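Peer 1: Just dropping this structure here.
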Number of protein chains: 2
Amino acid sequence: MEMYYDKLPKEYLFVEVGKKIRERKDVIDLSIGDVRLPLPKAVCEAGAVAARELASVDSFRGYPPESGFDFLLEAVKGYYAGRAELQTDEIFVSDGIKSELNMFLDLFCGAKVILPTPTYPAYVEANILKGNEIKYCSAPPAEKADLVILCSPDNPTGKVMTKAELCEWVRYCRSCNATLIFDAAYEAFADGAIRSIFEVDGARECAVEMCSLSKTAGFTGLRCGYTVICKENRLNPVWRRVKSCKCNGVSYVTQRMATCALTSALPEIRANISYYKKNAEILLDALDGADKCGGIFSPYIWLRCGEGGFERLLSFGVGVTPGVGFGEAGREYVRINSFCFRSEAIEAGKRLKDFVKSR
Amino acid sequence: MEMYYDKLPKEYLFVEVGKKIRERKDVIDLSIGDVRLPLPKAVCEAGAVAARELASVDSFRGYPPESGFDFLLEAVKGYYAGRAELQTDEIFVSDGIKSELNMFLDLFCGAKVILPTPTYPAYVEANILKGNEIKYCSAPPAEKADLVILCSPDNPTGKVMTKAELCEWVRYCRSCNATLIFDAAYEAFADGAIRSIFEVDGARECAVEMCSLSKTAGFTGLRCGYTVICKENRLNPVWRRVKSCKCNGVSYVTQRMATCALTSALPEIRANISYYKKNAEILLDALDGADKCGGIFSPYIWLRCGEGGFERLLSFGVGVTPGVGFGEAGREYVRINSFCFRSEAIEAGKRLKDFVKSR
């Protein structure tokens with residue numbers, strides 16, 4: 001028996017960082033990327049109505065369809081309109097990318113996997129648990145792989161990939177029959193850039209796009225996402241089959257709330273995204289002159305500040321995520337996120353200015 | 001790369017059976033075990049309140065704790081009181097047994113696994129996807145195993161295991177350092193029999209109990225369950241660690257509804273269970289003289305009626321699940337469930353009587 005879990009780091013990065021930050025008072029926490037703004041009233045009302053429906057015989061609902069209710073599949077399809085033309089049987093509702101990715105990797109046991117560098121640690125750990133061979137690359141390598149995972153807008157660097165870069169990866173995956181998992185958790189921040197891998201020619205055949213309403217619509221507490229696998233991809237029927245033995249779908253109440261978020265409440269959802277983007281702008285301004293990227297099409301700013309940056313920023317009253325948690329390539333960096341209230345962004349901006357000056 | 005999914009049967013049993021039954025009119029569907037009674041009003045109201053809390057800054061909730069909110073952990077602990085003394089850090093909230101089992105089996109890749117015979121197909125498929133070696137046993141074998149999965153009250157046979165039988169399995173698991181997964185999805189039907197593996201001495205060290213609110217509280221549409229791993233079991237910290245990289249917990253709204261179901265709404269929840277048990281009694285009476293088991297501490301009746309029973313019962317207007325779907329040992333059987341309305345149970349009873357007479 002293989003005990004792959006023995007190969008995991010002792011504690012999951014974000015759990016560890018959270019503990020250290022909570023120990024200190026007067027620290028503005030810009031570490032764990034959890035949203036802060038409440039949900040639009042209409043979304044909550046949709047949830048209340050759905051919950052109450054379950055109290056009468058005529059509107060009670062049992063097991064949800066494994067791949068999602070039609071009303072949510074239609075809403076997702078509509079959300080993509082103008083960017084990619086999808087059919088509802090190319091969309092699979094999930095309870096978020098983390099669990100979806102873990103389940104999906106059951107299709108790739110003992111695989112050769114390419115991950116970005118630096119990289120979101122959940123990718124690494126999910127692959128460790130399958131006994132996969134991991135290679136970190138920032139561009140397509142010479143040798144073949146079974147699976148490539150990309151994230152754009154990227155966590156942690158906040159970078160958004162260009163169409164040319166994505167084309168290169170799609171070409172690579174098609175050349176070696178690899179699957180490309182495209183983590184689009186932050187697509188809502190990338191208006192004006194590429195938001196879906198299906199905006200790239202040839203992606204329908206090889207790509208699997210994983211999205212979440214966590215950041216798009218403030219659903220971290222509700223757990224809802226979706227995965228897109230087009231019919232041209234041989235994994236479409238495979239995933240439908242495997243999903244039926246791996247889970248029983250997502251809560252009816254949650255799916256009603258998600259549907260509202262992606263349709264009638266979309267303007268308010270977008271206003272929340274703009275709010276966080278304004279925070280990022282304030283933080284970026286404060287970091288003027290520092291070596292950084294991200295923060296434009298992304299809630300994340302990736303700041304180079306040498307080793308020990310996490311502790312030094314903590315002494316300035318700003319909690320961030322140490323870059324080394326995203327791999328060796330992040331050793332001299334920290335990740336700063338903009339999921340905070342405006343007043344916090346303004347105060348954190350002042351502290352970051354002092355931090356930059358102090359160096 | 002291992003493509004274990006190629007080894008799955010073409011379609012998941014229940015999907016296939018559902019299609020065949022839906023093709024016919026005037027059939028009473030006693031196949032897929034989905035609940036029919038609406039939820040208690042208080043449970044739905046708790047959901048509506050929780051959904052609305054998310055609309056204001058002060059009561060908004062982000063990521064839930066991976067292992068569940070304290071209020072639900074306390075409710076589960078209270079639900080066990082008098083049967084087993086648990087601490088809240090021995091309880092892990094899940095979104096149901098199917099996905100929990102699939103995630104948990106990542107701890108057992110390439111393992112030797114003992115399954116009951118006949119067996120719930122989700123166990124088989126989850127193990128196929130890990131490349132595990134499956135052995136079907138109805139009592140502890142001579143050779144060692146890494147993992148044993150038991151289900152009591154059993155799906156599909158409706159049998160409830162005795163304390164003596166469970167003691168034997170616990171002794172076996174401890175003797176070879178195996179983990180015992182105890183699927184207690186139907187424990188609420190077993191009042192008067194053993195409902196938790198932790199009622200058996202020595203289980204705290206080796207057992208992992210998986211429970212669900214699907215059948216206990218009519219939550220099939222809401223997705224909530226929990227897993228119990230005691231501190232004496234070395235897998236308690238392992239599962240806490242692995243869970244943190246595999247999922248982001250269960251919806252706040254769902255957890256509030258579950259808490260209400262296991263506390264203030266418990267009398268109504270129990271009344272629903274009694275309703276289904278009365279249905280089972282009506283069906284059992286109708287099958288008087290037939291070769292059958294279950295239906296007393298379980299919503300399921302396991303009826304021996306020779307090969308082709310599914311089709312013959314369909315011609316009598318009763319939809320059931322063919323036993324062969326639960327393995328070769330079920331070839332001459334069908335599973336009948338009592339999750340229906342009273343009027344359906346009464347009418348199905350008449351049809352089953354005719355069926356028994358016709359043989």
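Every chain in the structure tokens takes a letter, A first, then B, and so on in the order presented; its residues are numbered from 1, and the ligands are numbered from 1 following the presented order.
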Residues of chain B near chain A: apply a cut-off of 6 Å, count only C-alpha atoms, and supply the list as a PyMOL selection string.
Peer 2: chain B and resi 1-2+38-41+44+47-48+51-52+54-57+60-64+98-99+109-111+122+220-223+245-247+251-252
Peer 1: Would you superpose chain B on chain A, least squares on all C-alpha atoms in order, and hand back the fitted chain as a compact mmCIF listing (two decimals) with C-alpha atoms, in the first residue's frame?
Peer 2:
```
# COMPACT_ATOMS: atom_id res chain seq x y z
CA MET B 1 -0.02 -0.01 0.03
CA GLU B 2 1.25 3.46 -0.88
CA MET B 3 1.10 6.03 1.92
CA TYR B 4 1.49 9.13 -0.23
CA TYR B 5 0.11 11.30 2.56
CA ASP B 6 3.35 10.78 4.48
CA LYS B 7 4.97 12.90 1.78
CA LEU B 8 2.81 15.98 2.48
CA PRO B 9 4.37 18.92 4.33
CA LYS B 10 3.45 18.90 8.01
CA GLU B 11 0.79 21.58 7.78
CA TYR B 12 -1.12 23.15 4.91
CA LEU B 13 0.46 26.58 4.26
CA PHE B 14 -2.59 28.75 4.86
CA VAL B 15 -3.50 27.09 8.15
CA GLU B 16 0.00 27.78 9.46
CA VAL B 17 0.16 31.41 8.28
CA GLY B 18 -3.30 32.14 9.70
CA LYS B 19 -2.19 30.99 13.15
CA LYS B 20 0.87 33.27 13.14
CA ILE B 21 -1.14 36.32 12.06
CA ARG B 22 -3.93 35.76 14.56
CA GLU B 23 -1.36 35.74 17.38
CA ARG B 24 -0.70 39.46 16.74
CA LYS B 25 -3.06 42.34 17.34
CA ASP B 26 -3.32 45.46 15.12
CA VAL B 27 -2.25 43.51 12.07
CA ILE B 28 -4.23 44.01 8.86
CA ASP B 29 -4.62 40.52 7.45
CA LEU B 30 -3.95 40.46 3.71
CA SER B 31 -2.87 36.82 3.69
CA ILE B 32 -5.58 34.19 3.19
CA GLY B 33 -7.66 35.09 0.17
CA ASP B 34 -11.08 35.07 1.76
CA VAL B 35 -13.70 37.56 0.63
CA ARG B 36 -15.11 40.19 3.01
CA LEU B 37 -18.05 41.86 1.30
CA PRO B 38 -21.52 40.48 2.02
CA LEU B 39 -23.56 38.84 -0.75
CA PRO B 40 -26.15 40.80 -2.73
CA LYS B 41 -29.56 40.69 -1.01
CA ALA B 42 -31.14 39.02 -4.06
CA VAL B 43 -28.69 36.10 -3.83
CA CYS B 44 -29.52 35.55 -0.15
CA GLU B 45 -33.22 35.89 -0.86
CA ALA B 46 -32.91 33.19 -3.55
CA GLY B 47 -31.32 30.98 -0.89
CA ALA B 48 -34.08 31.68 1.63
CA VAL B 49 -36.77 30.87 -0.96
CA ALA B 50 -35.01 27.65 -1.97
CA ALA B 51 -34.57 26.54 1.65
CA ARG B 52 -38.27 27.10 2.31
CA GLU B 53 -39.28 25.16 -0.81
CA LEU B 54 -37.88 22.07 0.88
CA ALA B 55 -40.57 22.29 3.58
CA SER B 56 -43.44 21.30 1.32
CA VAL B 57 -44.14 18.08 -0.52
CA ASP B 58 -44.72 19.75 -3.87
CA SER B 59 -41.46 21.66 -3.98
CA PHE B 60 -39.20 19.28 -2.04
CA ARG B 61 -36.01 18.21 -3.85
CA GLY B 62 -33.97 15.08 -3.27
CA TYR B 63 -30.62 14.13 -4.80
CA PRO B 64 -29.47 16.86 -7.18
CA PRO B 65 -28.24 15.80 -10.65
CA GLU B 66 -24.53 14.92 -10.25
CA SER B 67 -23.52 17.49 -12.86
CA GLY B 68 -25.85 20.25 -11.67
CA PHE B 69 -29.40 21.51 -12.14
CA ASP B 70 -30.31 22.73 -15.63
CA PHE B 71 -31.10 26.22 -14.32
CA LEU B 72 -27.51 26.67 -13.10
CA LEU B 73 -26.01 25.07 -16.21
CA GLU B 74 -27.98 27.56 -18.31
CA ALA B 75 -26.79 30.43 -16.11
CA VAL B 76 -23.15 29.39 -16.54
CA LYS B 77 -23.64 29.05 -20.29
CA GLY B 78 -25.07 32.58 -20.32
CA TYR B 79 -22.17 33.86 -18.21
CA TYR B 80 -19.76 32.62 -20.92
CA ALA B 81 -21.72 34.11 -23.81
CA GLY B 82 -19.54 36.31 -26.00
CA ARG B 83 -16.36 34.66 -24.71
CA ALA B 84 -16.99 31.00 -25.49
CA GLU B 85 -20.01 29.16 -26.84
CA LEU B 86 -20.75 26.27 -24.49
CA GLN B 87 -23.48 23.66 -24.31
CA THR B 88 -24.97 22.75 -20.96
CA ASP B 89 -23.63 19.18 -21.16
CA GLU B 90 -20.13 20.61 -21.30
CA ILE B 91 -20.57 22.15 -17.83
CA PHE B 92 -20.25 20.25 -14.53
CA VAL B 93 -21.29 21.96 -11.29
CA SER B 94 -18.83 21.38 -8.43
CA ASP B 95 -18.48 22.46 -4.81
CA GLY B 96 -15.29 24.37 -5.61
CA ILE B 97 -11.99 23.91 -7.41
CA LYS B 98 -10.05 22.33 -4.54
CA SER B 99 -12.25 19.25 -4.18
CA GLU B 100 -12.98 19.12 -7.91
CA LEU B 101 -9.25 19.06 -8.72
CA ASN B 102 -8.63 16.36 -6.13
CA MET B 103 -11.44 14.23 -7.57
CA PHE B 104 -10.39 14.89 -11.14
CA LEU B 105 -6.82 13.79 -10.49
CA ASP B 106 -8.14 10.26 -9.96
CA LEU B 107 -8.03 10.19 -13.76
CA PHE B 108 -4.29 10.86 -13.54
CA CYS B 109 -2.66 8.43 -11.10
CA GLY B 110 1.09 8.07 -11.51
CA ALA B 111 1.06 10.79 -14.16
CA LYS B 112 3.76 13.21 -15.31
CA VAL B 113 2.45 16.61 -14.33
CA ILE B 114 3.66 20.10 -15.16
CA LEU B 115 2.92 22.81 -12.60
CA PRO B 116 3.65 26.54 -12.78
CA THR B 117 6.44 27.99 -10.67
CA PRO B 118 5.72 29.45 -8.14
CA THR B 119 2.60 27.40 -7.61
CA TYR B 120 -0.56 27.22 -5.49
CA PRO B 121 0.26 24.50 -2.90
CA ALA B 122 -3.08 22.70 -3.31
CA TYR B 123 -1.89 21.63 -6.80
CA VAL B 124 1.26 20.13 -5.38
CA GLU B 125 -0.47 18.30 -2.56
CA ALA B 126 -3.25 16.94 -4.78
CA ASN B 127 -0.59 15.48 -7.07
CA ILE B 128 1.52 14.09 -4.23
CA LEU B 129 -1.56 12.18 -3.07
CA LYS B 130 -1.78 10.46 -6.49
CA GLY B 131 1.92 9.55 -6.53
CA ASN B 132 2.44 11.84 -9.53
CA GLU B 133 5.79 13.03 -10.86
CA ILE B 134 5.83 16.83 -10.69
CA LYS B 135 7.89 19.10 -12.93
CA TYR B 136 7.83 22.88 -12.50
CA CYS B 137 7.94 24.83 -15.77
CA SER B 138 7.12 28.38 -16.81
CA ALA B 139 7.03 27.47 -20.52
CA PRO B 140 6.36 24.21 -22.41
CA PRO B 141 9.36 21.85 -21.96
CA ALA B 142 10.94 19.56 -24.57
CA GLU B 143 9.72 16.32 -22.96
CA LYS B 144 6.16 15.02 -22.88
CA ALA B 145 3.72 15.23 -19.97
CA ASP B 146 0.29 13.76 -19.20
CA LEU B 147 -1.12 16.82 -17.49
CA VAL B 148 -0.44 20.55 -17.30
CA ILE B 149 -2.01 22.81 -14.68
CA LEU B 150 -2.11 26.54 -15.38
CA CYS B 151 -3.66 29.33 -13.31
CA SER B 152 -4.52 32.68 -14.88
CA PRO B 153 -4.92 35.25 -13.43
CA ASP B 154 -2.28 33.47 -11.41
CA ASN B 155 -2.26 32.63 -7.75
CA PRO B 156 0.14 33.75 -6.25
CA THR B 157 1.82 36.10 -8.76
CA GLY B 158 -1.31 37.93 -9.97
CA LYS B 159 -0.02 37.66 -13.55
CA VAL B 160 -2.46 37.11 -16.37
CA MET B 161 -1.28 34.94 -19.26
CA THR B 162 -1.38 36.34 -22.79
CA LYS B 163 -3.17 34.68 -25.66
CA ALA B 164 0.21 33.88 -27.25
CA GLU B 165 1.44 32.13 -24.09
CA LEU B 166 -1.78 30.15 -23.79
CA CYS B 167 -1.64 29.19 -27.48
CA GLU B 168 1.81 27.77 -26.90
CA TRP B 169 0.57 25.62 -24.01
CA VAL B 170 -2.45 24.42 -25.98
CA ARG B 171 -0.17 23.49 -28.88
CA TYR B 172 2.14 21.65 -26.49
CA CYS B 173 -0.72 19.71 -24.86
CA ARG B 174 -2.17 18.72 -28.21
CA SER B 175 1.24 17.64 -29.51
CA CYS B 176 1.72 15.16 -26.65
CA ASN B 177 -1.94 14.34 -25.98
CA ALA B 178 -1.77 15.94 -22.54
CA THR B 179 -4.70 17.42 -20.63
CA LEU B 180 -4.54 21.09 -19.72
CA ILE B 181 -6.30 22.02 -16.48
CA PHE B 182 -6.96 25.75 -16.57
CA ASP B 183 -7.73 27.16 -13.14
CA ALA B 184 -9.81 30.26 -13.82
CA ALA B 185 -10.76 31.01 -10.19
CA TYR B 186 -9.86 34.67 -10.66
CA GLU B 187 -11.25 35.21 -14.18
CA ALA B 188 -13.74 37.82 -12.94
CA PHE B 189 -10.80 40.12 -12.17
CA ALA B 190 -9.43 39.89 -15.72
CA ASP B 191 -11.92 41.90 -17.72
CA GLY B 192 -10.02 43.06 -20.79
CA ALA B 193 -7.61 40.10 -20.74
CA ILE B 194 -8.12 36.40 -21.56
CA ARG B 195 -10.55 34.97 -18.99
CA SER B 196 -11.28 31.52 -20.43
CA ILE B 197 -8.95 29.00 -22.03
CA PHE B 198 -11.73 28.43 -24.55
CA GLU B 199 -10.95 31.82 -26.05
CA VAL B 200 -7.86 30.05 -27.45
CA ASP B 201 -8.10 27.95 -30.63
CA GLY B 202 -7.65 24.23 -30.10
CA ALA B 203 -8.46 24.33 -26.38
CA ARG B 204 -11.79 22.56 -26.75
CA GLU B 205 -9.95 19.34 -27.54
CA CYS B 206 -7.48 19.32 -24.64
CA ALA B 207 -8.53 21.76 -21.91
CA VAL B 208 -10.50 21.36 -18.69
CA GLU B 209 -11.46 24.72 -17.21
CA MET B 210 -12.14 24.88 -13.48
CA CYS B 211 -13.99 27.89 -12.12
CA SER B 212 -15.33 28.85 -8.74
CA LEU B 213 -17.89 31.30 -7.45
CA SER B 214 -15.73 31.81 -4.34
CA LYS B 215 -13.94 34.88 -5.63
CA THR B 216 -16.22 35.61 -8.60
CA ALA B 217 -19.30 35.99 -6.43
CA GLY B 218 -18.15 35.92 -2.79
CA PHE B 219 -19.20 32.28 -2.32
CA THR B 220 -16.31 31.06 -0.15
CA GLY B 221 -18.81 30.17 2.59
CA LEU B 222 -21.26 28.47 0.23
CA ARG B 223 -19.05 26.21 -1.88
CA CYS B 224 -19.98 26.30 -5.54
CA GLY B 225 -17.98 26.13 -8.74
CA TYR B 226 -18.09 24.52 -12.15
CA THR B 227 -15.85 22.71 -14.58
CA VAL B 228 -16.03 22.98 -18.34
CA ILE B 229 -15.02 20.04 -20.53
CA CYS B 230 -16.05 20.38 -24.17
CA LYS B 231 -17.48 17.55 -26.24
CA GLU B 232 -14.36 17.49 -28.41
CA ASN B 233 -12.40 16.40 -25.32
CA ARG B 234 -12.45 12.62 -24.77
CA LEU B 235 -12.68 13.29 -21.01
CA ASN B 236 -16.21 14.76 -21.24
CA PRO B 237 -18.00 11.36 -20.96
CA VAL B 238 -15.29 10.00 -18.67
CA TRP B 239 -15.79 12.78 -16.14
CA ARG B 240 -19.58 12.41 -16.30
CA ARG B 241 -19.20 8.71 -15.52
CA VAL B 242 -16.58 9.11 -12.79
CA LYS B 243 -18.43 11.98 -11.11
CA SER B 244 -21.51 9.75 -10.73
CA CYS B 245 -19.60 7.38 -8.46
CA LYS B 246 -17.64 10.05 -6.59
CA CYS B 247 -20.22 12.54 -5.38
CA ASN B 248 -23.92 13.30 -5.14
CA GLY B 249 -23.81 16.83 -6.48
CA VAL B 250 -24.16 20.23 -4.86
CA SER B 251 -26.89 21.56 -2.53
CA TYR B 252 -30.09 22.73 -4.21
CA VAL B 253 -30.08 25.89 -2.08
CA THR B 254 -26.51 26.73 -3.12
CA GLN B 255 -27.29 26.14 -6.80
CA ARG B 256 -30.25 28.54 -6.62
CA MET B 257 -28.03 31.17 -5.00
CA ALA B 258 -25.32 30.63 -7.63
CA THR B 259 -27.87 30.98 -10.42
CA CYS B 260 -29.03 34.32 -9.05
CA ALA B 261 -25.41 35.50 -8.69
CA LEU B 262 -24.63 34.72 -12.34
CA THR B 263 -27.82 36.25 -13.74
CA SER B 264 -29.97 38.93 -12.06
CA ALA B 265 -27.41 39.84 -9.38
CA LEU B 266 -24.49 40.01 -11.81
CA PRO B 267 -24.24 43.83 -11.71
CA GLU B 268 -23.85 43.76 -7.91
CA ILE B 269 -21.39 40.87 -8.12
CA ARG B 270 -19.34 42.92 -10.59
CA ALA B 271 -19.48 45.95 -8.32
CA ASN B 272 -17.91 43.83 -5.54
CA ILE B 273 -15.10 42.78 -7.89
CA SER B 274 -14.51 46.44 -8.76
CA TYR B 275 -14.34 47.24 -5.05
CA TYR B 276 -11.54 44.71 -4.51
CA LYS B 277 -9.77 45.91 -7.67
CA LYS B 278 -9.80 49.45 -6.31
CA ASN B 279 -8.20 48.09 -3.13
CA ALA B 280 -5.50 46.47 -5.25
CA GLU B 281 -4.91 49.81 -6.98
CA ILE B 282 -4.46 51.54 -3.59
CA LEU B 283 -1.97 48.86 -2.48
CA LEU B 284 -0.10 49.00 -5.80
CA ASP B 285 0.21 52.78 -5.51
CA ALA B 286 1.62 52.39 -2.02
CA LEU B 287 4.23 49.98 -3.38
CA ASP B 288 5.39 52.44 -6.00
CA GLY B 289 9.04 51.81 -6.80
CA ALA B 290 9.07 48.29 -5.32
CA ASP B 291 9.71 45.15 -7.40
CA LYS B 292 6.22 43.68 -7.87
CA CYS B 293 3.68 42.28 -10.31
CA GLY B 294 -0.05 41.48 -10.40
CA GLY B 295 -2.77 43.58 -8.81
CA ILE B 296 -4.27 44.74 -12.11
CA PHE B 297 -6.20 41.77 -13.50
CA SER B 298 -5.97 40.03 -10.15
CA PRO B 299 -6.68 40.50 -6.43
CA TYR B 300 -3.07 39.44 -5.71
CA ILE B 301 0.14 41.46 -5.65
CA TRP B 302 3.40 39.53 -5.71
CA LEU B 303 6.05 41.59 -3.97
CA ARG B 304 9.77 40.93 -4.00
CA CYS B 305 11.21 41.89 -0.66
CA GLY B 306 13.98 39.39 0.08
CA GLU B 307 13.96 36.56 2.60
CA GLY B 308 12.12 37.16 5.87
CA GLY B 309 9.62 39.48 4.18
CA PHE B 310 6.69 37.86 5.99
CA GLU B 311 8.14 38.66 9.43
CA ARG B 312 9.25 42.19 8.47
CA LEU B 313 5.85 43.04 7.03
CA LEU B 314 4.23 41.65 10.17
CA SER B 315 6.35 44.09 12.21
CA PHE B 316 4.88 46.87 10.05
CA GLY B 317 1.39 45.59 10.88
CA VAL B 318 0.60 43.90 7.57
CA GLY B 319 -0.13 40.15 7.39
CA VAL B 320 0.80 38.55 4.07
CA THR B 321 1.54 35.08 2.75
CA PRO B 322 5.22 34.10 2.58
CA GLY B 323 6.19 33.35 -1.01
CA VAL B 324 8.20 30.28 -0.08
CA GLY B 325 4.88 28.58 0.63
CA PHE B 326 4.39 28.60 -3.14
CA GLY B 327 7.71 26.87 -3.76
CA GLU B 328 11.40 27.75 -3.91
CA ALA B 329 10.77 30.27 -6.70
CA GLY B 330 8.82 32.33 -4.18
CA ARG B 331 11.49 32.46 -1.47
CA GLU B 332 12.18 36.20 -1.87
CA TYR B 333 8.53 37.16 -2.34
CA VAL B 334 5.29 37.63 -0.45
CA ARG B 335 1.70 37.53 -1.70
CA ILE B 336 -0.53 40.45 -0.73
CA ASN B 337 -4.25 40.24 -1.38
CA SER B 338 -6.84 42.94 -1.74
CA PHE B 339 -9.83 41.11 -0.20
CA CYS B 340 -10.26 43.65 2.57
CA PHE B 341 -12.42 46.64 3.41
CA ARG B 342 -11.51 49.98 1.84
CA SER B 343 -10.42 51.44 5.18
CA GLU B 344 -8.05 48.51 5.65
CA ALA B 345 -6.62 48.92 2.15
CA ILE B 346 -5.96 52.61 2.85
CA GLU B 347 -4.32 51.92 6.22
CA ALA B 348 -2.36 48.95 4.83
CA GLY B 349 -1.25 51.23 1.98
CA LYS B 350 0.26 53.67 4.50
CA ARG B 351 2.06 50.87 6.29
CA LEU B 352 3.35 49.41 3.02
CA LYS B 353 4.67 52.86 2.05
CA ASP B 354 6.60 53.00 5.32
CA PHE B 355 7.84 49.48 4.69
CA VAL B 356 9.09 50.39 1.20
CA LYS B 357 10.77 53.57 2.52
CA SER B 358 12.50 51.64 5.33
CA ARG B 359 14.50 49.48 2.92
```
Peer 1: Among range 215-328 of chain A, which ones does DSSP place in alpha helix (DSSP H), written as a PyMOL selection string?
Peer 2: chain A and resi 215-216+235-246+252-262+266-286+309-315
Peer 1: In range 44-260 of chain A, what's strand (DSSP E) per DSSP? Answer as a ChimeraX atom specification?
Peer 2: /A:91-94,112-115,133-136,147-151,179-183,207-212,225-229
Peer 1: Just N, CA and C atoms for this one: save the residues we selected as a short mmCIF file (atom, residue, chain, number, x, y, z; two decimals), in the first residue's frame.
Peer 2:
```cif
data_model
loop_
_atom_site.label_atom_id
_atom_site.label_comp_id
_atom_site.auth_asym_id
_atom_site.auth_seq_id
_atom_site.Cartn_x
_atom_site.Cartn_y
_atom_site.Cartn_z
N ILE A 91 -20.78 21.46 -19.13
CA ILE A 91 -20.58 22.13 -17.83
C ILE A 91 -20.91 21.17 -16.70
N PHE A 92 -20.07 21.12 -15.68
CA PHE A 92 -20.26 20.24 -14.52
C PHE A 92 -20.19 21.09 -13.26
N VAL A 93 -21.29 21.18 -12.53
CA VAL A 93 -21.29 21.95 -11.29
C VAL A 93 -20.46 21.21 -10.24
N SER A 94 -19.67 21.97 -9.47
CA SER A 94 -18.83 21.38 -8.43
C SER A 94 -19.02 22.16 -7.14
N LYS A 112 2.75 12.14 -15.26
CA LYS A 112 3.76 13.21 -15.33
C LYS A 112 3.03 14.53 -15.43
N VAL A 113 3.24 15.38 -14.45
CA VAL A 113 2.45 16.60 -14.34
C VAL A 113 3.35 17.84 -14.37
N ILE A 114 2.94 18.83 -15.14
CA ILE A 114 3.66 20.10 -15.17
C ILE A 114 2.87 21.13 -14.36
N LEU A 115 3.55 21.75 -13.41
CA LEU A 115 2.93 22.80 -12.62
C LEU A 115 3.69 24.11 -12.85
N GLU A 133 4.45 12.44 -10.71
CA GLU A 133 5.79 13.02 -10.88
C GLU A 133 5.61 14.48 -11.30
N ILE A 134 6.07 15.39 -10.46
CA ILE A 134 5.84 16.82 -10.70
C ILE A 134 7.06 17.49 -11.31
N LYS A 135 6.82 18.30 -12.34
CA LYS A 135 7.89 19.10 -12.93
C LYS A 135 7.39 20.54 -12.97
N TYR A 136 8.23 21.47 -12.53
CA TYR A 136 7.83 22.88 -12.52
C TYR A 136 8.38 23.58 -13.75
N LEU A 147 -0.21 15.79 -18.05
CA LEU A 147 -1.11 16.80 -17.50
C LEU A 147 -0.34 18.10 -17.27
N VAL A 148 -1.00 19.23 -17.59
CA VAL A 148 -0.43 20.55 -17.32
C VAL A 148 -1.48 21.30 -16.50
N ILE A 149 -1.07 21.94 -15.42
CA ILE A 149 -2.00 22.80 -14.69
C ILE A 149 -1.53 24.25 -14.80
N LEU A 150 -2.42 25.11 -15.29
CA LEU A 150 -2.12 26.54 -15.38
C LEU A 150 -3.15 27.31 -14.57
N CYS A 151 -2.74 28.47 -14.08
CA CYS A 151 -3.65 29.32 -13.33
C CYS A 151 -3.49 30.74 -13.85
N THR A 179 -3.54 16.62 -21.06
CA THR A 179 -4.70 17.41 -20.65
C THR A 179 -4.22 18.69 -19.99
N LEU A 180 -4.90 19.79 -20.30
CA LEU A 180 -4.54 21.08 -19.72
C LEU A 180 -5.65 21.49 -18.74
N ILE A 181 -5.33 21.50 -17.46
CA ILE A 181 -6.30 22.02 -16.49
C ILE A 181 -6.04 23.51 -16.35
N PHE A 182 -7.08 24.29 -16.64
CA PHE A 182 -6.96 25.74 -16.58
C PHE A 182 -7.77 26.23 -15.38
N ASP A 183 -7.08 26.67 -14.35
CA ASP A 183 -7.73 27.17 -13.14
C ASP A 183 -8.05 28.64 -13.35
N ALA A 207 -8.49 21.01 -23.18
CA ALA A 207 -8.53 21.75 -21.91
C ALA A 207 -9.70 21.37 -21.02
N VAL A 208 -9.48 21.52 -19.73
CA VAL A 208 -10.50 21.35 -18.69
C VAL A 208 -10.44 22.64 -17.87
N GLU A 209 -11.50 23.44 -17.92
CA GLU A 209 -11.47 24.72 -17.21
C GLU A 209 -12.20 24.59 -15.89
N MET A 210 -11.51 24.95 -14.80
CA MET A 210 -12.14 24.88 -13.48
C MET A 210 -12.37 26.29 -12.95
N CYS A 211 -13.61 26.57 -12.61
CA CYS A 211 -13.99 27.89 -12.12
C CYS A 211 -14.68 27.75 -10.78
N SER A 212 -14.74 28.85 -10.07
CA SER A 212 -15.34 28.84 -8.75
C SER A 212 -16.11 30.13 -8.56
N GLY A 225 -18.84 25.85 -7.59
CA GLY A 225 -17.98 26.13 -8.73
C GLY A 225 -18.48 25.33 -9.92
N TYR A 226 -17.71 25.34 -11.00
CA TYR A 226 -18.09 24.52 -12.15
C TYR A 226 -16.85 24.23 -12.98
N THR A 227 -16.94 23.14 -13.72
CA THR A 227 -15.86 22.70 -14.58
C THR A 227 -16.40 22.61 -15.99
N VAL A 228 -15.60 23.06 -16.94
CA VAL A 228 -16.03 22.97 -18.34
C VAL A 228 -15.13 21.99 -19.08
N ILE A 229 -15.75 20.99 -19.68
CA ILE A 229 -15.03 20.03 -20.53
C ILE A 229 -15.86 19.90 -21.80
#
```
